[in-house]
Amino acid sequence: MIWLVPAAWFGALAVAAPIVVHLLARPRAVVQPFPTLRFLPATAHSALRRHRIEEWLLLAVRCAIVVSIAAALAGPFIVTRARRAGWNARVVRETVDDSRGPIRVELRRAVAALETAPPGRREVVVRSAFPIGSIDAADVAAVPAAIGLRFERTGTLPSSREIDGQTVMSVHPELVEGGSTSSPRAAWLHRRILLDGVRTSVADTASGPAPAGALDIVGPPAARSMFGAVLAERVLTPASGRRARLVIAPASTSVAREAVSVRTPWIADAIARIGRDEDLRSTMRQASSVLGDALFAREPWHAVALNRDAQPAAAASADASGRLVVAAATAADDLATAVLTRAILNAVSDTEPPVDAEIVSISDAQLRAWTRQAGDAGEPGRDTMDEDDRRVLWTAVLLLIGVESWIRRRGR
Amino acid sequence: MIDPALVARIADLELVARIVVDGTLSGLHRSPFHGYSAEFSQYRHYRAGDDLKYVDWKLAARTGRLYTKQFRETTNLAATIVVDDSASMNFPARLSKFRYASTLAAALAYLISSQGDAVGLVAHGVFIGPRGGKRHLQSLLASLSALEPTGDFLGADVVRLAADRLRGRGLLIVISDLYDEDDRTFAALRDAARRGHEVAILHTISREEIAFPYARDLEFVDLETGRRLALDAAAARREYMDNVSAFLERCRSNAGRERIQYALAVTDVPPDRVLRGFLLARA
């Protein structure tokens, strides 16, 4: 039994009224003291006694009327087996996508909406390209266990990233236009973003000039989607003065010419960090591209990634302007390029990369792991009921009123 | 005749006793209470009016004169009056059965004491052994005045106590409405009678209990138990009266069977008339 308006039960206090009336108005019996009752026949019930019984009956009925009215106003709802089966047979579904805002915010909004949805099995369908960071295990755990979750991958990864309605990273159009090296800053942070564990947060909202580009990419237009994906997944803080260039052109001699011996400590450190990047190493082992120029196999170049034949697939060095230079043989739209880009960005960052930061979308396996069936429809909330059983109680009230008037008429 | 209402108004029980006894004895020729032995004292000349029963005919034959034998009564009559002081006696309000019973008891005590016999009083929690003398009578009447009708009447216990304390053969007068469980009082009275005591009952009852003058819905409250019973009195009247008649008849027949003197004392009858009838029946 569910009461939709439990506050109406306070109305039941009105039951005091008939009781008070009964106590004040009941006929006082004429009491006759008598030496013994042994000779009095107990069967000769007095009208008074009968009247008293009727009075009590009347009081009971009147109290029942008041209580029934209060109960009817309180909106009873009887949870029957049939009703429960009906609820379980229907699925109340909320669909979430990232068109209106971050998925995790939309997800919370959907869960809140389901709280007030009519009773049924509840499910949220999340539709997104699922860039890493858009939703994580904590967001999934925050969804009540009875609510089912389904994930549908749609759309493409964004080319820019917004936090609190402001673009914090974006792809510079010049990168796409020419793919030339004349545009040193392909992308920049519109704000200084701090990495806070696995999450990103805005640390400083002061506007100002975009920091010097941490990385510029020299490559074909296909690099756009790759670089957009990387930027969408990763928000990081390049250390001031640390800059890098990725050249997606294995045969580029200009790159080779620019390379100088690595004397700057941070570049040496960055080269070592790129070389240690597990993701890069595992990805490159699957790639077949090889840096063909023999220059890349010698000083000042350092092989930072090897392909499956243990040939250099990416090599790093420094250039005359004190910049980390990485040459990669991979195609612009290859996953390996994206992984390399991520590794470079991590390397020029003055903080360690977050553990789960990925440059690709959340994997299907992870989404499958988060997927779950909607549980049985539980006890519905008061605000979600689209019907109630007041009618039964109002009928009872009418019947009781009839009984009450019948008793009164009979007593006269 | 003494108006019972007047009896109710006089607080002094001794005065009431005297009034009742005066009314009772007028016209009675001799004492209804006999001692159990009378020793010969002397002869005296016969005087007109002397009972011929006491003329010594043998002496008359020898001497040719009539002599009347005189006896010296040795008063060894010991009477105990048992007064029912249970709550059921506190009815009706106008002149309660208890007040009426007290009056009868006082009058009897006065009467017995005034003829030199020993009289005692037993009630619930009160035991005054039978003794003679005016001072004892006053003490007894004071105790009687102090009684209040409350609680149950433990008739059987009280009667047994009284019978046990009576030395030799005595007179046991029970003034009660006899409302007790299973006629246990009667059983005790029967035992007392069989032990040689002379037993008498003044069955005190009010007119209301006999005539049941109620005709509307009433809630009757048992004076002893407090139990309540709401009844249509008019509907209950016939059966009630049948029950009461049967009860009175049973009391009377029980008494008769056990040779117990029984008198019905209805509270609206002048007490001296009741007492007179009672004494006449004894004589």
# chains A, B, ... in the order shown; residues from 1 in each chain; ligands from 1
call {"tool": "interface_residues", "arguments": {"of": "chain B", "to": "chain A", "cutoff": "8 Å", "atoms": "only C-alpha atoms", "output": "CSV table (one decimal) with N, CA and C atoms, in the first residue's frame"}}
result
chain,number,residue,atom,x,y,z
B,87,ALA,N,-22.7,-4.9,52.7
B,87,ALA,CA,-23.1,-3.7,51.9
B,87,ALA,C,-24.6,-3.9,51.4
B,88,SER,N,-25.0,-5.1,51.2
B,88,SER,CA,-26.3,-5.3,50.7
B,88,SER,C,-27.4,-4.9,51.7
B,89,MET,N,-27.0,-4.7,52.9
B,89,MET,CA,-28.0,-4.3,53.9
B,89,MET,C,-28.2,-2.8,53.9
B,90,ASN,N,-27.3,-2.1,53.1
B,90,ASN,CA,-27.4,-0.7,53.1
B,90,ASN,C,-28.4,-0.2,52.0
B,91,PHE,N,-29.6,-0.7,52.2
B,91,PHE,CA,-30.6,-0.5,51.2
B,91,PHE,C,-32.0,-0.7,51.9
B,179,TYR,N,-28.4,-12.9,51.9
B,179,TYR,CA,-27.8,-13.0,50.5
B,179,TYR,C,-26.4,-13.4,50.6
B,217,ASP,N,-36.1,1.7,32.4
B,217,ASP,CA,-34.7,1.3,32.2
B,217,ASP,C,-33.8,1.8,33.3
B,218,LEU,N,-33.2,0.9,33.9
B,218,LEU,CA,-32.3,1.2,35.0
B,218,LEU,C,-31.0,0.4,34.9
B,219,GLU,N,-30.0,1.0,35.5
B,219,GLU,CA,-28.8,0.3,35.6
B,219,GLU,C,-28.6,-0.1,37.0
B,220,PHE,N,-28.8,-1.4,37.3
B,220,PHE,CA,-28.7,-1.8,38.7
B,220,PHE,C,-27.3,-2.1,39.0
B,221,VAL,N,-26.9,-1.6,40.2
B,221,VAL,CA,-25.5,-1.8,40.7
B,221,VAL,C,-25.6,-2.7,42.0
B,222,ASP,N,-24.9,-3.8,41.9
B,222,ASP,CA,-24.9,-4.6,43.1
B,222,ASP,C,-24.1,-3.9,44.2
B,223,LEU,N,-24.7,-3.8,45.3
B,223,LEU,CA,-24.1,-3.1,46.4
B,223,LEU,C,-22.9,-3.8,47.0
B,224,GLU,N,-22.8,-5.1,46.8
B,224,GLU,CA,-21.7,-5.8,47.4
B,224,GLU,C,-20.6,-6.0,46.3
B,229,LEU,N,-25.8,-4.0,35.9
B,229,LEU,CA,-26.7,-4.7,35.0
B,229,LEU,C,-27.8,-3.7,34.5
B,230,ALA,N,-27.7,-3.4,33.2
B,230,ALA,CA,-28.8,-2.5,32.7
B,230,ALA,C,-29.9,-3.3,32.3
B,231,LEU,N,-31.1,-3.0,32.8
B,231,LEU,CA,-32.3,-3.8,32.6
B,231,LEU,C,-33.5,-2.9,32.3
B,232,ASP,N,-34.4,-3.5,31.5
B,232,ASP,CA,-35.7,-3.0,31.4
B,232,ASP,C,-36.5,-3.5,32.6
B,233,ALA,N,-36.7,-2.7,33.6
B,233,ALA,CA,-37.2,-3.2,34.9
B,233,ALA,C,-38.6,-3.8,34.7
B,235,ALA,N,-39.8,-5.3,32.2
B,235,ALA,CA,-39.7,-6.6,31.6
B,235,ALA,C,-39.2,-7.6,32.6
B,236,ALA,N,-38.3,-7.1,33.5
B,236,ALA,CA,-37.7,-8.1,34.4
B,236,ALA,C,-38.5,-8.4,35.6
B,239,GLU,N,-40.2,-12.0,36.4
B,239,GLU,CA,-39.2,-13.1,36.7
B,239,GLU,C,-38.5,-12.8,38.0
B,240,TYR,N,-38.2,-11.5,38.3
B,240,TYR,CA,-37.6,-11.1,39.5
B,240,TYR,C,-38.4,-11.5,40.7
B,241,MET,N,-39.7,-11.2,40.6
B,241,MET,CA,-40.6,-11.5,41.7
B,241,MET,C,-40.7,-13.0,41.9
B,243,ASN,N,-38.5,-15.1,41.3
B,243,ASN,CA,-37.2,-15.6,41.9
B,243,ASN,C,-37.1,-15.2,43.4
B,244,VAL,N,-37.6,-14.0,43.7
B,244,VAL,CA,-37.6,-13.6,45.2
B,244,VAL,C,-38.5,-14.4,46.0
call {"tool": "residues_around", "arguments": {"residues": "A:Leu399", "least_positions_apart": "6", "cutoff": "12 Å", "atoms": "only C-alpha atoms", "output": "PyMOL selection string"}}
result
chain A and resi 61-62+64-65+68-69+392-393+405-406
call {"tool": "atom_distance", "arguments": {"atom1": "atom CA of A:Ala268", "atom2": "atom CA of A:His302"}}
result
9.6 Å
call {"tool": "closest_residue", "arguments": {"among": "A:Asp279, A:Asp269, A:Asp98, A:Glu387", "to": "A:Thr337", "atoms": "only C-alpha atoms"}}
result
A:Asp279
call {"tool": "atom_distance", "arguments": {"atom1": "atom CA of A:Gly75", "atom2": "atom CA of A:Val15"}}
result
18.2 Å
call {"tool": "atom_distance", "arguments": {"atom1": "atom CA of A:Asp293", "atom2": "atom CA of A:Ile344"}}
result
21.2 Å
call {"tool": "residues_around", "arguments": {"residues": "stretch 328-330 of chain A", "least_positions_apart": "4", "cutoff": "9 Å", "atoms": "only C-alpha atoms", "output": "ChimeraX atom specification"}}
result
/A:246-251,284,287-292,305,312-316,334-337,340
call {"tool": "residues_around", "arguments": {"residues": "A:Trp266", "least_positions_apart": "5", "cutoff": "9 Å", "atoms": "only C-alpha atoms", "output": "list of chain:residue names"}}
result
A:Arg242, A:Ile271, A:Ala347, A:Val348
call {"tool": "residues_around", "arguments": {"residues": "B:Leu137", "least_positions_apart": "4", "cutoff": "9 Å", "atoms": "only C-alpha atoms", "output": "ChimeraX atom specification"}}
result
/B:14,106,109-110,113-114,119-120,131-133,141-142
call {"tool": "write_last_selection", "arguments": {"atoms": "all heavy atoms", "output": "tab-separated table (two decimals), in the first residue's frame"}}
result
chain	number	residue	atom	x	y	z
B	14	GLU	N	-30.21	3.15	72.03
B	14	GLU	CA	-30.78	2.65	73.30
B	14	GLU	C	-32.21	3.14	73.47
B	14	GLU	O	-33.11	2.40	73.84
B	14	GLU	CB	-29.92	3.11	74.47
B	14	GLU	CG	-30.36	2.47	75.79
B	14	GLU	CD	-29.43	2.83	76.95
B	14	GLU	OE1	-28.36	3.42	76.69
B	14	GLU	OE2	-29.79	2.51	78.09
B	106	ALA	N	-30.94	-4.08	68.70
B	106	ALA	CA	-30.87	-3.29	69.93
B	106	ALA	C	-32.04	-3.61	70.84
B	106	ALA	O	-31.88	-3.77	72.06
B	106	ALA	CB	-30.85	-1.81	69.57
B	109	ALA	N	-31.57	-7.00	72.33
B	109	ALA	CA	-30.53	-6.97	73.35
B	109	ALA	C	-31.06	-6.32	74.62
B	109	ALA	O	-30.82	-6.79	75.73
B	109	ALA	CB	-29.32	-6.20	72.81
B	110	TYR	N	-31.77	-5.24	74.39
B	110	TYR	CA	-32.34	-4.52	75.54
B	110	TYR	C	-33.30	-5.41	76.30
B	110	TYR	O	-33.28	-5.50	77.53
B	110	TYR	CB	-33.06	-3.27	75.01
B	110	TYR	CG	-33.62	-2.39	76.07
B	110	TYR	CD1	-32.82	-1.46	76.73
B	110	TYR	CD2	-34.97	-2.48	76.42
B	110	TYR	CE1	-33.35	-0.65	77.71
B	110	TYR	CE2	-35.51	-1.68	77.40
B	110	TYR	CZ	-34.69	-0.76	78.04
B	110	TYR	OH	-35.21	0.03	79.01
B	113	SER	N	-31.41	-8.30	77.99
B	113	SER	CA	-30.59	-7.82	79.09
B	113	SER	C	-31.44	-7.36	80.26
B	113	SER	O	-31.11	-7.59	81.42
B	113	SER	CB	-29.71	-6.68	78.59
B	113	SER	OG	-28.85	-6.26	79.60
B	114	SER	N	-32.57	-6.74	79.90
B	114	SER	CA	-33.40	-6.18	80.97
B	114	SER	C	-34.06	-7.27	81.79
B	114	SER	O	-34.51	-7.02	82.90
B	114	SER	CB	-34.45	-5.24	80.37
B	114	SER	OG	-35.30	-5.98	79.54
B	119	VAL	N	-26.44	-11.28	76.90
B	119	VAL	CA	-26.63	-11.06	75.47
B	119	VAL	C	-25.28	-10.63	74.86
B	119	VAL	O	-24.51	-9.90	75.49
B	119	VAL	CB	-27.74	-10.02	75.21
B	119	VAL	CG1	-27.39	-8.66	75.78
B	119	VAL	CG2	-28.03	-9.91	73.71
B	120	GLY	N	-25.06	-11.13	73.67
B	120	GLY	CA	-23.82	-10.76	72.97
B	120	GLY	C	-24.13	-10.31	71.56
B	120	GLY	O	-25.27	-10.42	71.09
B	131	ARG	N	-23.04	-11.39	77.84
B	131	ARG	CA	-22.93	-11.08	79.26
B	131	ARG	C	-24.15	-10.28	79.66
B	131	ARG	O	-24.87	-9.75	78.82
B	131	ARG	CB	-21.67	-10.24	79.53
B	131	ARG	CG	-20.39	-11.07	79.64
B	131	ARG	CD	-19.18	-10.17	79.76
B	131	ARG	NE	-19.26	-9.30	80.91
B	131	ARG	CZ	-18.54	-8.18	81.07
B	131	ARG	NH1	-17.71	-7.83	80.11
B	131	ARG	NH2	-18.66	-7.44	82.15
B	132	GLY	N	-24.37	-10.23	80.96
B	132	GLY	CA	-25.51	-9.47	81.45
B	132	GLY	C	-25.04	-8.11	81.94
B	132	GLY	O	-23.86	-7.78	81.87
B	133	GLY	N	-26.00	-7.36	82.41
B	133	GLY	CA	-25.66	-6.08	83.01
B	133	GLY	C	-25.89	-4.91	82.08
B	133	GLY	O	-25.79	-5.03	80.86
B	141	LEU	N	-24.63	-1.78	72.66
B	141	LEU	CA	-25.38	-0.86	71.80
B	141	LEU	C	-24.44	0.15	71.13
B	141	LEU	O	-24.65	0.55	69.98
B	141	LEU	CB	-26.45	-0.13	72.61
B	141	LEU	CG	-27.59	-1.02	73.12
B	141	LEU	CD1	-28.57	-0.20	73.96
B	141	LEU	CD2	-28.34	-1.67	71.96
B	142	ALA	N	-23.39	0.52	71.85
B	142	ALA	CA	-22.42	1.45	71.26
B	142	ALA	C	-21.71	0.78	70.08
B	142	ALA	O	-21.51	1.40	69.02
B	142	ALA	CB	-21.40	1.86	72.33
call {"tool": "select_by_dssp", "arguments": {"residues": "stretch 61-117 of chain B", "states": "strand (DSSP E or B)", "output": "NGL selection string"}}
result
:B and (67-74 or 78-83)
call {"tool": "write_last_selection", "arguments": {"atoms": "N, CA and C atoms", "output": "compact mmCIF listing (two decimals), in the first residue's frame"}}
result
# COMPACT_ATOMS: atom_id res chain seq x y z
N TYR B 67 -51.25 -23.38 97.96
CA TYR B 67 -49.94 -22.69 97.95
C TYR B 67 -49.40 -22.66 96.52
N THR B 68 -48.82 -21.59 96.24
CA THR B 68 -48.18 -21.45 94.91
C THR B 68 -46.68 -21.63 95.07
N LYS B 69 -46.13 -22.46 94.20
CA LYS B 69 -44.68 -22.68 94.26
C LYS B 69 -43.96 -21.49 93.60
N GLN B 70 -42.96 -21.03 94.28
CA GLN B 70 -42.13 -19.96 93.68
C GLN B 70 -40.74 -20.51 93.35
N PHE B 71 -40.28 -20.11 92.21
CA PHE B 71 -38.95 -20.59 91.76
C PHE B 71 -37.98 -19.43 91.70
N ARG B 72 -36.79 -19.80 91.88
CA ARG B 72 -35.76 -18.77 91.64
C ARG B 72 -35.10 -19.11 90.29
N GLU B 73 -35.34 -18.24 89.37
CA GLU B 73 -34.78 -18.51 88.03
C GLU B 73 -33.28 -18.23 88.03
N THR B 74 -32.57 -19.22 87.68
CA THR B 74 -31.14 -18.97 87.50
C THR B 74 -30.93 -18.69 86.01
N ALA B 78 -28.01 -17.59 77.44
CA ALA B 78 -26.97 -16.78 76.79
C ALA B 78 -27.39 -16.60 75.34
N ALA B 79 -27.67 -15.37 74.98
CA ALA B 79 -28.14 -15.10 73.61
C ALA B 79 -27.07 -14.31 72.85
N THR B 80 -26.90 -14.68 71.61
CA THR B 80 -25.99 -13.91 70.75
C THR B 80 -26.76 -13.46 69.52
N ILE B 81 -26.65 -12.19 69.26
CA ILE B 81 -27.35 -11.63 68.10
C ILE B 81 -26.32 -11.42 66.99
N VAL B 82 -26.61 -12.03 65.88
CA VAL B 82 -25.72 -11.86 64.72
C VAL B 82 -26.36 -10.83 63.78
N VAL B 83 -25.67 -9.75 63.55
CA VAL B 83 -26.21 -8.70 62.67
C VAL B 83 -25.40 -8.70 61.36
call {"tool": "residues_around", "arguments": {"residues": "A:Arg150", "least_positions_apart": "4", "cutoff": "9 Å", "atoms": "only C-alpha atoms", "output": "short mmCIF file (atom, residue, chain, number, x, y, z; two decimals) with C-alpha atoms, in the first residue's frame"}}
result
data_model
loop_
_atom_site.label_atom_id
_atom_site.label_comp_id
_atom_site.auth_asym_id
_atom_site.auth_seq_id
_atom_site.Cartn_x
_atom_site.Cartn_y
_atom_site.Cartn_z
CA GLU A 123 16.59 2.30 -18.59
CA VAL A 124 18.91 4.99 -19.84
CA VAL A 125 20.23 4.86 -23.38
CA VAL A 126 23.43 6.85 -23.77
CA ARG A 127 24.26 7.91 -27.30
CA LEU A 367 30.92 -0.02 -22.79
CA ARG A 368 29.71 -3.60 -22.84
CA TRP A 370 28.99 -0.98 -18.23
CA THR A 371 25.88 -2.11 -20.05
CA ARG A 372 23.25 -3.67 -17.82
CA GLN A 373 19.65 -4.76 -18.00
#
call {"tool": "select_by_dssp", "arguments": {"residues": "stretch 115-240 of chain B", "states": "helix (DSSP H, G or I)", "output": "PyMOL selection string"}}
result
chain B and resi 134-146+155-165+181-194+207-211+233-240
